[in-house]
Amino acid sequence: MMEPNSSKKFDFKIDLNNRKLRQALAGFMIIVMLGLGYAGYAINETNSRGFDVYLGSEKIGSTRNEEDVQTIVEFIKADLANTYKAEIVLNKDIKFEPTHVKESEILSNLEFNSIIKSEVSFFVAAHSLVVNGEELGAVKTLSDAETILDAIKEPYLLNMDESSNLKEVGLLEDVNIIKKEVSYDELTSPEQLIEMIQDGGEEKRIHTIEVGENFWTIAKIYDLNPLDVEAANPDRDQLRLQPGDEINLVMPKSLITVTTVEEVEYIEDIEFEVIVETNDAMFTNEKKTKVEGVRGQTKIVANEIKHNGRIFEKEIISEEIIKEPITQVVIKGTKELPKTAATGSLMMPTRGRISSRYGSRWGRMHRGLDIAAPTGTPIKAADGGTVTKSGWSNGLGYMIEINHGNGYVTRYGHCSKLLVKQGAKVYKGQEIAKVGNSGNSTGPHLHLEVLINGVHKNPSNYVK
């Protein structure tokens with residue numbers, strides 16, 4: 001028990017001879033040293049951390065900051081895009097792998113820029129036009145590709161009839177736009193690709209020759225080079241072409257077919273029927289119209305399906321008759337024709353006024369009888385016989401000549417219309433022509449000539 005007011009003194013001296021104390025002090029020192037060593041390691045670890053940079057599979061250097069290299073790559077791509085006005089894709093990928101690197105091994109941004117520019121090539125992120133699986137060409141942008149397709153469609157939309165209603169527009173072929181990487185040299189301008197599409201194909205056609213046609217006139221019809229028409233027909237001599245001959249044509253054809261569906265409305269004629277009635281008072285070669293036929297009309301609404309502006313198919317939507325046709329009634333004779341042999345006497349071929357007789361007139365010989373009559377007045381054969389001439393005859397204009405046999409010949413001049421042809425057999429009184437004013441004539445009249453054994457005679461002495 002302590003006594004009051006007593007005090008105790010503490011001794012702070014360490015007894016190093018104490019075994020337990022020595023062990024505790026040694027342990028403490030180890031902990032301190034380990035702690036200092038870890039802190040030094042951590043500081044060194046942070047200072048040496050970096051990234052190895054790979055271009056494709058090849059290491060090109062090391063960096064502390066991958067963002068710096070990424071920025072360099074983007075700058076290079078932006079510079080190329082500005083130069084070539086296109087989206088740029090490098091041919092090799094940039095990859096980063098974490099590592100420890102000495103400060104002396106770190107490349108500068110300038111060095112990375114130089115290495116990457118020298119080691120990589122680039123592609124353009126283009127848009128290729130593919131038709132039925134075949135690539136036609138690549139352009140820079142999706143907008144360029146779409147513009148090409150719009151340009152191919154445009155002519156057929158502009159040439160539509162104002163009254164038609166466009167219901168559909170499309171492309172017959174399987175057309176796709178795909179994004180792909182190409183070299184810059186593989187790019188095509190939109191204008192070049194449009195021209196290639198419009199004239200890149202061929203279409204073969206057959207043309208049937210008509211009167212007066214040759215390779216040059218046919219080429220003009222189809223807007224072709226005459227030499228191309230000749231080349232397509234190596235076995236044909238254009239100097240020997242005959243109507244009905246067929247020749248080959250090789251037409252330029254667009255590689256893309258524009259299809260349109262247009263709703264149209266139009267009026268179409270309805271043909272009238274013809275009914276024939278008989279009349280035994282008329283000769284078998286005579287007929288006349290009792291009731292004139294009149295075509296009817298129908299209003300049609302249809303869908304016209306066109307391929308590159310040419311009608312490929314037509315679908316009728318509705319038909320409405322707006323005017324009924326009127327049936328034509330024709331009367332045909334059943335009476336047997338009279339014999340065409342000459343009777344030996346001549347009848348007056350037409351009705352009218354004698355305007356000029358046979359003989360000398362104004363100092364010249366007038367070799368016929370002129371009968372004035374209105375244009376269109378019927379002219380009849382003076383007797384039966386064979387038509388030896390029917391056509392134009394200089395001063396006599398349209399003229400018919402009939403041989404009646406036994407040396408008798410009659411001529412009918414200045415006609416407005418000829419009703420029989422050369423070689424025809426005619427009977428006495430048959431209508432052969434119409435009065436006119438053709439040739440050297442001062443007014444509508446018939447100029448009648450009578451020849452016997454080739455010598456002109458006065459018609460007044462023979463016709464009754």
# chains A, B, ... in the order shown; residues from 1 in each chain; ligands from 1
>>> residues_around(residues="range 261-266 of chain A", least_positions_apart="3", cutoff="7 Å", atoms="only C-alpha atoms", output="number ranges by chain")
A: 164-169, 299-306
>>> residues_around(residues="Asn308 in chain A", least_positions_apart="4", cutoff="10 Å", atoms="only C-alpha atoms", output="NGL selection string")
:A and (152-153 or 155-157 or 171-172 or 253-254 or 256-260 or 312)
>>> residues_around(residues="range 413-420 of chain A", least_positions_apart="3", cutoff="10 Å", atoms="only C-alpha atoms", output="MDAnalysis selection string")
chainID A and resid 368 370 375:379 387 389:401 423:426 430:441 443:449
>>> write_last_selection(atoms="C-alpha atoms", output="CSV table (one decimal), in the first residue's frame")
chain,number,residue,atom,x,y,z
A,368,GLY,CA,-62.1,15.6,-180.9
A,370,ASP,CA,-65.7,18.6,-176.4
A,375,THR,CA,-66.9,17.9,-162.6
A,376,GLY,CA,-67.9,14.4,-161.5
A,377,THR,CA,-70.5,13.8,-164.2
A,378,PRO,CA,-70.4,10.1,-165.2
A,379,ILE,CA,-68.6,9.1,-168.4
A,387,VAL,CA,-59.3,-0.7,-172.0
A,389,LYS,CA,-54.8,2.8,-171.6
A,390,SER,CA,-55.9,4.3,-168.2
A,391,GLY,CA,-53.8,7.0,-166.7
A,392,TRP,CA,-52.1,10.3,-167.3
A,393,SER,CA,-51.6,11.4,-170.9
A,394,ASN,CA,-49.9,14.8,-170.9
A,395,GLY,CA,-52.2,17.4,-172.5
A,396,LEU,CA,-55.3,15.1,-172.2
A,397,GLY,CA,-54.7,14.8,-168.4
A,398,TYR,CA,-56.3,11.7,-167.0
A,399,MET,CA,-57.4,9.7,-170.0
A,400,ILE,CA,-59.0,6.3,-170.9
A,401,GLU,CA,-58.6,4.6,-174.3
A,423,GLY,CA,-56.8,-4.6,-169.5
A,424,ALA,CA,-60.4,-4.4,-168.2
A,425,LYS,CA,-63.3,-5.5,-170.3
A,426,VAL,CA,-66.1,-3.0,-170.4
A,430,GLN,CA,-70.6,1.1,-168.4
A,431,GLU,CA,-69.4,4.0,-166.3
A,432,ILE,CA,-65.6,4.3,-166.8
A,433,ALA,CA,-64.7,7.7,-165.5
A,434,LYS,CA,-65.8,11.1,-164.2
A,435,VAL,CA,-65.8,14.5,-166.1
A,436,GLY,CA,-62.9,16.7,-164.9
A,437,ASN,CA,-60.5,19.5,-165.8
A,438,SER,CA,-57.1,17.7,-165.8
A,439,GLY,CA,-54.4,18.3,-168.4
A,440,ASN,CA,-54.5,21.3,-170.8
A,441,SER,CA,-58.1,22.3,-170.1
A,443,GLY,CA,-62.9,24.1,-167.7
A,444,PRO,CA,-64.5,20.8,-166.8
A,445,HIS,CA,-65.5,18.9,-169.9
A,446,LEU,CA,-65.1,15.6,-171.7
A,447,HIS,CA,-62.8,15.5,-174.8
A,448,LEU,CA,-63.9,12.6,-176.9
A,449,GLU,CA,-61.8,11.2,-179.8
>>> residues_around(residues="Pro459 in chain A", least_positions_apart="2", cutoff="8 Å", atoms="only C-alpha atoms", output="mmCIF file with N, CA and C atoms, in the first residue's frame")
data_model
loop_
_atom_site.group_PDB
_atom_site.id
_atom_site.type_symbol
_atom_site.label_atom_id
_atom_site.label_comp_id
_atom_site.auth_asym_id
_atom_site.auth_seq_id
_atom_site.Cartn_x
_atom_site.Cartn_y
_atom_site.Cartn_z
ATOM 1 N N TYR A 358 -65.145 19.068 -183.696
ATOM 2 C CA TYR A 358 -63.978 18.565 -184.421
ATOM 3 C C TYR A 358 -63.657 19.511 -185.564
ATOM 4 N N GLY A 368 -61.073 16.272 -181.696
ATOM 5 C CA GLY A 368 -62.079 15.604 -180.899
ATOM 6 C C GLY A 368 -63.320 16.451 -180.740
ATOM 7 N N LEU A 369 -64.239 15.928 -179.904
ATOM 8 C CA LEU A 369 -65.493 16.612 -179.619
ATOM 9 C C LEU A 369 -65.503 16.919 -178.115
ATOM 10 N N LEU A 448 -63.699 13.877 -176.329
ATOM 11 C CA LEU A 448 -63.922 12.555 -176.923
ATOM 12 C C LEU A 448 -63.256 12.485 -178.286
ATOM 13 N N GLU A 449 -62.444 11.429 -178.474
ATOM 14 C CA GLU A 449 -61.811 11.197 -179.775
ATOM 15 C C GLU A 449 -62.268 9.844 -180.320
ATOM 16 N N VAL A 450 -62.407 9.787 -181.630
ATOM 17 C CA VAL A 450 -62.736 8.533 -182.315
ATOM 18 C C VAL A 450 -61.675 8.290 -183.381
ATOM 19 N N LYS A 457 -61.170 10.640 -186.626
ATOM 20 C CA LYS A 457 -62.410 10.914 -187.341
ATOM 21 C C LYS A 457 -63.254 11.885 -186.517
ATOM 22 N N ASN A 461 -69.894 12.255 -186.372
ATOM 23 C CA ASN A 461 -70.385 11.389 -187.436
ATOM 24 C C ASN A 461 -70.597 9.944 -186.973
ATOM 25 N N TYR A 462 -70.206 9.639 -185.739
ATOM 26 C CA TYR A 462 -70.253 8.248 -185.274
ATOM 27 C C TYR A 462 -71.073 8.035 -184.003
ATOM 28 N N VAL A 463 -71.119 9.040 -183.147
ATOM 29 C CA VAL A 463 -71.866 8.856 -181.894
ATOM 30 C C VAL A 463 -73.307 9.255 -182.083
#
>>> residues_around(residues="range 120-134 of chain A", least_positions_apart="4", cutoff="9 Å", atoms="only C-alpha atoms", output="PyMOL selection string")
chain A and resi 55+77+80-81+84+86-92+115-116+138-142+144-145+173-184+187+255-256
>>> write_last_selection(atoms="N, CA and C atoms", output="compact mmCIF listing (two decimals), in the first residue's frame")
# COMPACT_ATOMS: atom_id res chain seq x y z
N LEU A 55 0.20 -1.29 -86.47
CA LEU A 55 -0.47 -0.95 -87.72
C LEU A 55 -0.68 -2.26 -88.46
N LYS A 77 -7.05 10.85 -91.97
CA LYS A 77 -8.26 10.51 -92.75
C LYS A 77 -9.01 11.76 -93.18
N LEU A 80 -7.19 13.40 -96.09
CA LEU A 80 -7.45 12.68 -97.35
C LEU A 80 -8.87 12.91 -97.84
N ALA A 81 -9.83 12.92 -96.91
CA ALA A 81 -11.23 13.14 -97.29
C ALA A 81 -11.41 14.51 -97.90
N TYR A 84 -9.80 14.34 -101.52
CA TYR A 84 -10.50 13.53 -102.53
C TYR A 84 -12.02 13.67 -102.46
N ALA A 86 -14.23 12.53 -100.44
CA ALA A 86 -14.87 11.23 -100.27
C ALA A 86 -14.60 10.71 -98.86
N GLU A 87 -15.41 9.75 -98.46
CA GLU A 87 -15.20 9.12 -97.16
C GLU A 87 -14.03 8.15 -97.28
N ILE A 88 -13.05 8.29 -96.36
CA ILE A 88 -11.80 7.54 -96.45
C ILE A 88 -11.77 6.38 -95.46
N VAL A 89 -11.25 5.23 -95.91
CA VAL A 89 -11.04 4.06 -95.06
C VAL A 89 -9.60 3.62 -95.23
N LEU A 90 -8.83 3.53 -94.12
CA LEU A 90 -7.45 3.07 -94.21
C LEU A 90 -7.41 1.57 -94.42
N ASN A 91 -6.34 1.11 -95.10
CA ASN A 91 -6.27 -0.32 -95.42
C ASN A 91 -5.79 -1.16 -94.24
N LYS A 92 -5.29 -0.52 -93.17
CA LYS A 92 -4.83 -1.25 -91.99
C LYS A 92 -5.44 -0.63 -90.74
N ILE A 115 5.18 8.03 -89.71
CA ILE A 115 5.18 6.58 -89.93
C ILE A 115 3.85 6.12 -90.52
N ILE A 116 2.75 6.56 -89.95
CA ILE A 116 1.43 6.12 -90.41
C ILE A 116 1.18 6.53 -91.85
N ALA A 138 -18.96 2.36 -109.34
CA ALA A 138 -19.05 2.89 -107.98
C ALA A 138 -18.91 4.40 -108.00
N VAL A 139 -19.72 5.06 -107.18
CA VAL A 139 -19.65 6.52 -107.02
C VAL A 139 -19.38 6.84 -105.56
N LYS A 140 -19.07 8.12 -105.31
CA LYS A 140 -18.60 8.50 -103.99
C LYS A 140 -19.65 8.36 -102.89
N THR A 141 -20.87 8.79 -103.18
CA THR A 141 -21.86 8.88 -102.10
C THR A 141 -23.15 8.17 -102.46
N LEU A 142 -23.93 7.88 -101.43
CA LEU A 142 -25.25 7.30 -101.63
C LEU A 142 -26.13 8.26 -102.42
N ASP A 144 -25.14 10.32 -104.75
CA ASP A 144 -24.76 10.22 -106.16
C ASP A 144 -25.45 9.02 -106.82
N ALA A 145 -25.47 7.88 -106.12
CA ALA A 145 -26.10 6.67 -106.68
C ALA A 145 -27.60 6.87 -106.87
N GLU A 173 -35.31 -4.50 -113.61
CA GLU A 173 -34.21 -5.33 -113.14
C GLU A 173 -34.09 -5.25 -111.62
N ASP A 174 -33.33 -6.19 -111.06
CA ASP A 174 -33.02 -6.17 -109.62
C ASP A 174 -31.86 -5.21 -109.41
N VAL A 175 -32.16 -4.01 -108.95
CA VAL A 175 -31.16 -2.94 -108.79
C VAL A 175 -30.92 -2.68 -107.32
N ASN A 176 -29.65 -2.71 -106.92
CA ASN A 176 -29.28 -2.46 -105.52
C ASN A 176 -28.10 -1.50 -105.46
N ILE A 177 -28.04 -0.76 -104.35
CA ILE A 177 -26.90 0.10 -104.06
C ILE A 177 -26.21 -0.48 -102.84
N ILE A 178 -24.93 -0.87 -103.01
CA ILE A 178 -24.20 -1.46 -101.89
C ILE A 178 -23.00 -0.59 -101.55
N LYS A 179 -22.71 -0.51 -100.24
CA LYS A 179 -21.55 0.25 -99.80
C LYS A 179 -20.34 -0.68 -99.79
N LYS A 180 -19.25 -0.24 -100.41
CA LYS A 180 -18.05 -1.07 -100.46
C LYS A 180 -16.83 -0.17 -100.55
N GLU A 181 -15.68 -0.75 -100.20
CA GLU A 181 -14.43 -0.01 -100.24
C GLU A 181 -13.74 -0.27 -101.56
N VAL A 182 -13.39 0.81 -102.26
CA VAL A 182 -12.71 0.70 -103.55
C VAL A 182 -11.54 1.67 -103.57
N SER A 183 -10.59 1.42 -104.47
CA SER A 183 -9.52 2.39 -104.65
C SER A 183 -10.08 3.62 -105.34
N TYR A 184 -9.40 4.73 -105.17
CA TYR A 184 -9.91 5.98 -105.73
C TYR A 184 -10.03 5.90 -107.25
N LEU A 187 -13.38 4.75 -108.88
CA LEU A 187 -14.59 5.57 -108.81
C LEU A 187 -15.00 6.04 -110.20
N LEU A 255 -29.27 -0.44 -119.88
CA LEU A 255 -29.05 -1.60 -119.02
C LEU A 255 -30.09 -1.67 -117.90
N ILE A 256 -30.79 -0.56 -117.69
CA ILE A 256 -31.84 -0.52 -116.67
C ILE A 256 -33.15 -0.14 -117.36
>>> residues_around(residues="Thr71 in chain A", least_positions_apart="5", cutoff="10 Å", atoms="only C-alpha atoms", output="VMD selection string")
chain A and resid 66 76 to 77 109 113
>>> write_last_selection(atoms="C-alpha atoms", output="CSV table (one decimal), in the first residue's frame")
chain,number,residue,atom,x,y,z
A,66,GLU,CA,-3.5,6.0,-77.1
A,76,ILE,CA,-4.8,11.8,-91.6
A,77,LYS,CA,-8.3,10.5,-92.7
A,109,ASN,CA,3.2,12.6,-82.3
A,113,ASN,CA,2.2,11.0,-88.1
>>> atom_distance(atom1="CA of Gln422 in chain A", atom2="CA of Ala381 in chain A")
13.8 Å
>>> atom_distance(atom1="CA of Asn285 in chain A", atom2="CA of Pro338 in chain A")
10.8 Å
>>> select_by_dssp(residues="range 222-280 of chain A", states="alpha helix (DSSP H)", output="count of residues only")
7
>>> closest_residue(among="A:Ile72, A:Ile354, A:Ile275, A:Ile321", to="Ser108 in chain A", atoms="only C-alpha atoms")
A:Ile72
>>> select_by_dssp(residues="range 115-228 of chain A", states="strand (DSSP E or B)", output="ChimeraX atom specification")
/A:122-131,134-139,165-171,175-182,187,201-208
>>> write_last_selection(atoms="N, CA and C atoms", output="CSV table (one decimal), in the first residue's frame")
chain,number,residue,atom,x,y,z
A,122,PHE,N,-5.1,3.9,-98.7
A,122,PHE,CA,-6.4,4.1,-98.3
A,122,PHE,C,-7.4,3.7,-99.4
A,123,PHE,N,-8.6,3.4,-98.9
A,123,PHE,CA,-9.7,3.1,-99.8
A,123,PHE,C,-10.8,4.2,-99.6
A,124,VAL,N,-11.7,4.3,-100.6
A,124,VAL,CA,-12.8,5.2,-100.5
A,124,VAL,C,-14.1,4.4,-100.2
A,125,ALA,N,-14.8,4.8,-99.2
A,125,ALA,CA,-16.1,4.2,-98.8
A,125,ALA,C,-17.1,4.6,-99.9
A,126,ALA,N,-17.2,3.8,-101.0
A,126,ALA,CA,-18.0,4.2,-102.1
A,126,ALA,C,-19.4,3.4,-102.1
A,127,HIS,N,-20.2,3.8,-103.1
A,127,HIS,CA,-21.5,3.1,-103.2
A,127,HIS,C,-21.6,2.6,-104.6
A,128,SER,N,-21.7,1.3,-104.7
A,128,SER,CA,-21.7,0.6,-106.0
A,128,SER,C,-23.1,0.3,-106.5
A,129,LEU,N,-23.4,0.5,-107.8
A,129,LEU,CA,-24.7,0.2,-108.4
A,129,LEU,C,-24.6,-1.2,-109.0
A,130,VAL,N,-25.5,-2.1,-108.5
A,130,VAL,CA,-25.5,-3.5,-108.9
A,130,VAL,C,-26.8,-3.8,-109.6
A,131,VAL,N,-26.7,-4.3,-110.8
A,131,VAL,CA,-27.9,-4.6,-111.6
A,131,VAL,C,-27.9,-6.1,-111.9
A,134,GLU,N,-24.7,-7.8,-111.2
A,134,GLU,CA,-23.5,-7.3,-111.8
A,134,GLU,C,-23.2,-5.9,-111.4
A,135,GLU,N,-22.0,-5.6,-111.0
A,135,GLU,CA,-21.6,-4.3,-110.6
A,135,GLU,C,-21.3,-3.4,-111.8
A,136,LEU,N,-22.0,-2.3,-111.9
A,136,LEU,CA,-21.8,-1.4,-113.1
A,136,LEU,C,-20.8,-0.4,-112.8
A,137,GLY,N,-20.6,0.1,-111.6
A,137,GLY,CA,-19.7,1.1,-111.3
A,137,GLY,C,-19.9,1.6,-109.9
A,138,ALA,N,-19.0,2.4,-109.3
A,138,ALA,CA,-19.1,2.9,-108.0
A,138,ALA,C,-18.9,4.4,-108.0
A,139,VAL,N,-19.7,5.1,-107.2
A,139,VAL,CA,-19.7,6.5,-107.0
A,139,VAL,C,-19.4,6.8,-105.6
A,165,ASN,N,-52.4,9.6,-115.7
A,165,ASN,CA,-52.2,9.6,-114.2
A,165,ASN,C,-51.1,8.6,-113.8
A,166,LEU,N,-50.0,9.0,-113.4
A,166,LEU,CA,-48.9,8.1,-113.0
A,166,LEU,C,-49.2,7.4,-111.7
A,167,LYS,N,-49.3,6.0,-111.8
A,167,LYS,CA,-49.7,5.3,-110.6
A,167,LYS,C,-48.5,4.6,-110.0
A,168,GLU,N,-47.5,4.2,-110.8
A,168,GLU,CA,-46.4,3.5,-110.3
A,168,GLU,C,-45.2,3.8,-111.2
A,169,VAL,N,-44.0,3.8,-110.6
A,169,VAL,CA,-42.7,3.9,-111.4
A,169,VAL,C,-41.7,3.0,-110.6
A,170,GLY,N,-41.0,2.3,-111.4
A,170,GLY,CA,-40.0,1.3,-110.8
A,170,GLY,C,-39.0,0.9,-111.8
A,171,LEU,N,-38.3,-0.1,-111.5
A,171,LEU,CA,-37.2,-0.7,-112.3
A,171,LEU,C,-37.5,-2.2,-112.5
A,175,VAL,N,-32.2,-4.0,-108.9
A,175,VAL,CA,-31.2,-2.9,-108.8
A,175,VAL,C,-30.9,-2.7,-107.3
A,176,ASN,N,-29.6,-2.7,-106.9
A,176,ASN,CA,-29.3,-2.5,-105.5
A,176,ASN,C,-28.1,-1.5,-105.5
A,177,ILE,N,-28.0,-0.8,-104.4
A,177,ILE,CA,-26.9,0.1,-104.1
A,177,ILE,C,-26.2,-0.5,-102.8
A,178,ILE,N,-24.9,-0.9,-103.0
A,178,ILE,CA,-24.2,-1.5,-101.9
A,178,ILE,C,-23.0,-0.6,-101.6
A,179,LYS,N,-22.7,-0.5,-100.2
A,179,LYS,CA,-21.6,0.2,-99.8
A,179,LYS,C,-20.3,-0.7,-99.8
A,180,LYS,N,-19.2,-0.2,-100.4
A,180,LYS,CA,-18.1,-1.1,-100.5
A,180,LYS,C,-16.8,-0.2,-100.5
A,181,GLU,N,-15.7,-0.7,-100.2
A,181,GLU,CA,-14.4,0.0,-100.2
A,181,GLU,C,-13.7,-0.3,-101.6
A,182,VAL,N,-13.4,0.8,-102.3
A,182,VAL,CA,-12.7,0.7,-103.6
A,182,VAL,C,-11.5,1.7,-103.6
A,187,LEU,N,-13.4,4.7,-108.9
A,187,LEU,CA,-14.6,5.6,-108.8
A,187,LEU,C,-15.0,6.0,-110.2
A,201,GLY,N,-26.3,-1.4,-123.5
A,201,GLY,CA,-26.9,-2.7,-123.9
A,201,GLY,C,-27.3,-2.6,-125.4
A,202,GLU,N,-27.7,-3.8,-126.0
A,202,GLU,CA,-28.1,-3.9,-127.3
A,202,GLU,C,-29.4,-4.6,-127.5
A,203,GLU,N,-30.2,-4.2,-128.4
A,203,GLU,CA,-31.5,-4.8,-128.7
A,203,GLU,C,-31.6,-5.0,-130.2
A,204,LYS,N,-32.0,-6.3,-130.6
A,204,LYS,CA,-32.1,-6.6,-132.0
A,204,LYS,C,-33.6,-6.4,-132.4
A,205,ARG,N,-33.7,-5.8,-133.6
A,205,ARG,CA,-35.1,-5.6,-134.1
A,205,ARG,C,-35.1,-6.0,-135.6
A,206,ILE,N,-36.3,-6.2,-136.1
A,206,ILE,CA,-36.4,-6.5,-137.6
A,206,ILE,C,-37.2,-5.4,-138.2
A,207,HIS,N,-36.7,-4.9,-139.3
A,207,HIS,CA,-37.5,-3.8,-140.1
A,207,HIS,C,-37.9,-4.4,-141.4
A,208,THR,N,-39.1,-4.2,-141.8
A,208,THR,CA,-39.6,-4.6,-143.1
A,208,THR,C,-39.5,-3.4,-144.1
>>> closest_residue(among="A:Lys339, A:His456, A:Lys117, A:Lys59", to="Gly407 in chain A", atoms="only C-alpha atoms")
A:His456
>>> closest_residue(among="A:Lys288, A:Arg411, A:Arg295, A:Lys464", to="Gly344 in chain A", atoms="only C-alpha atoms")
A:Lys464
>>> atom_distance(atom1="CA of Glu336 in chain A", atom2="CA of Gly384 in chain A")
15.2 Å
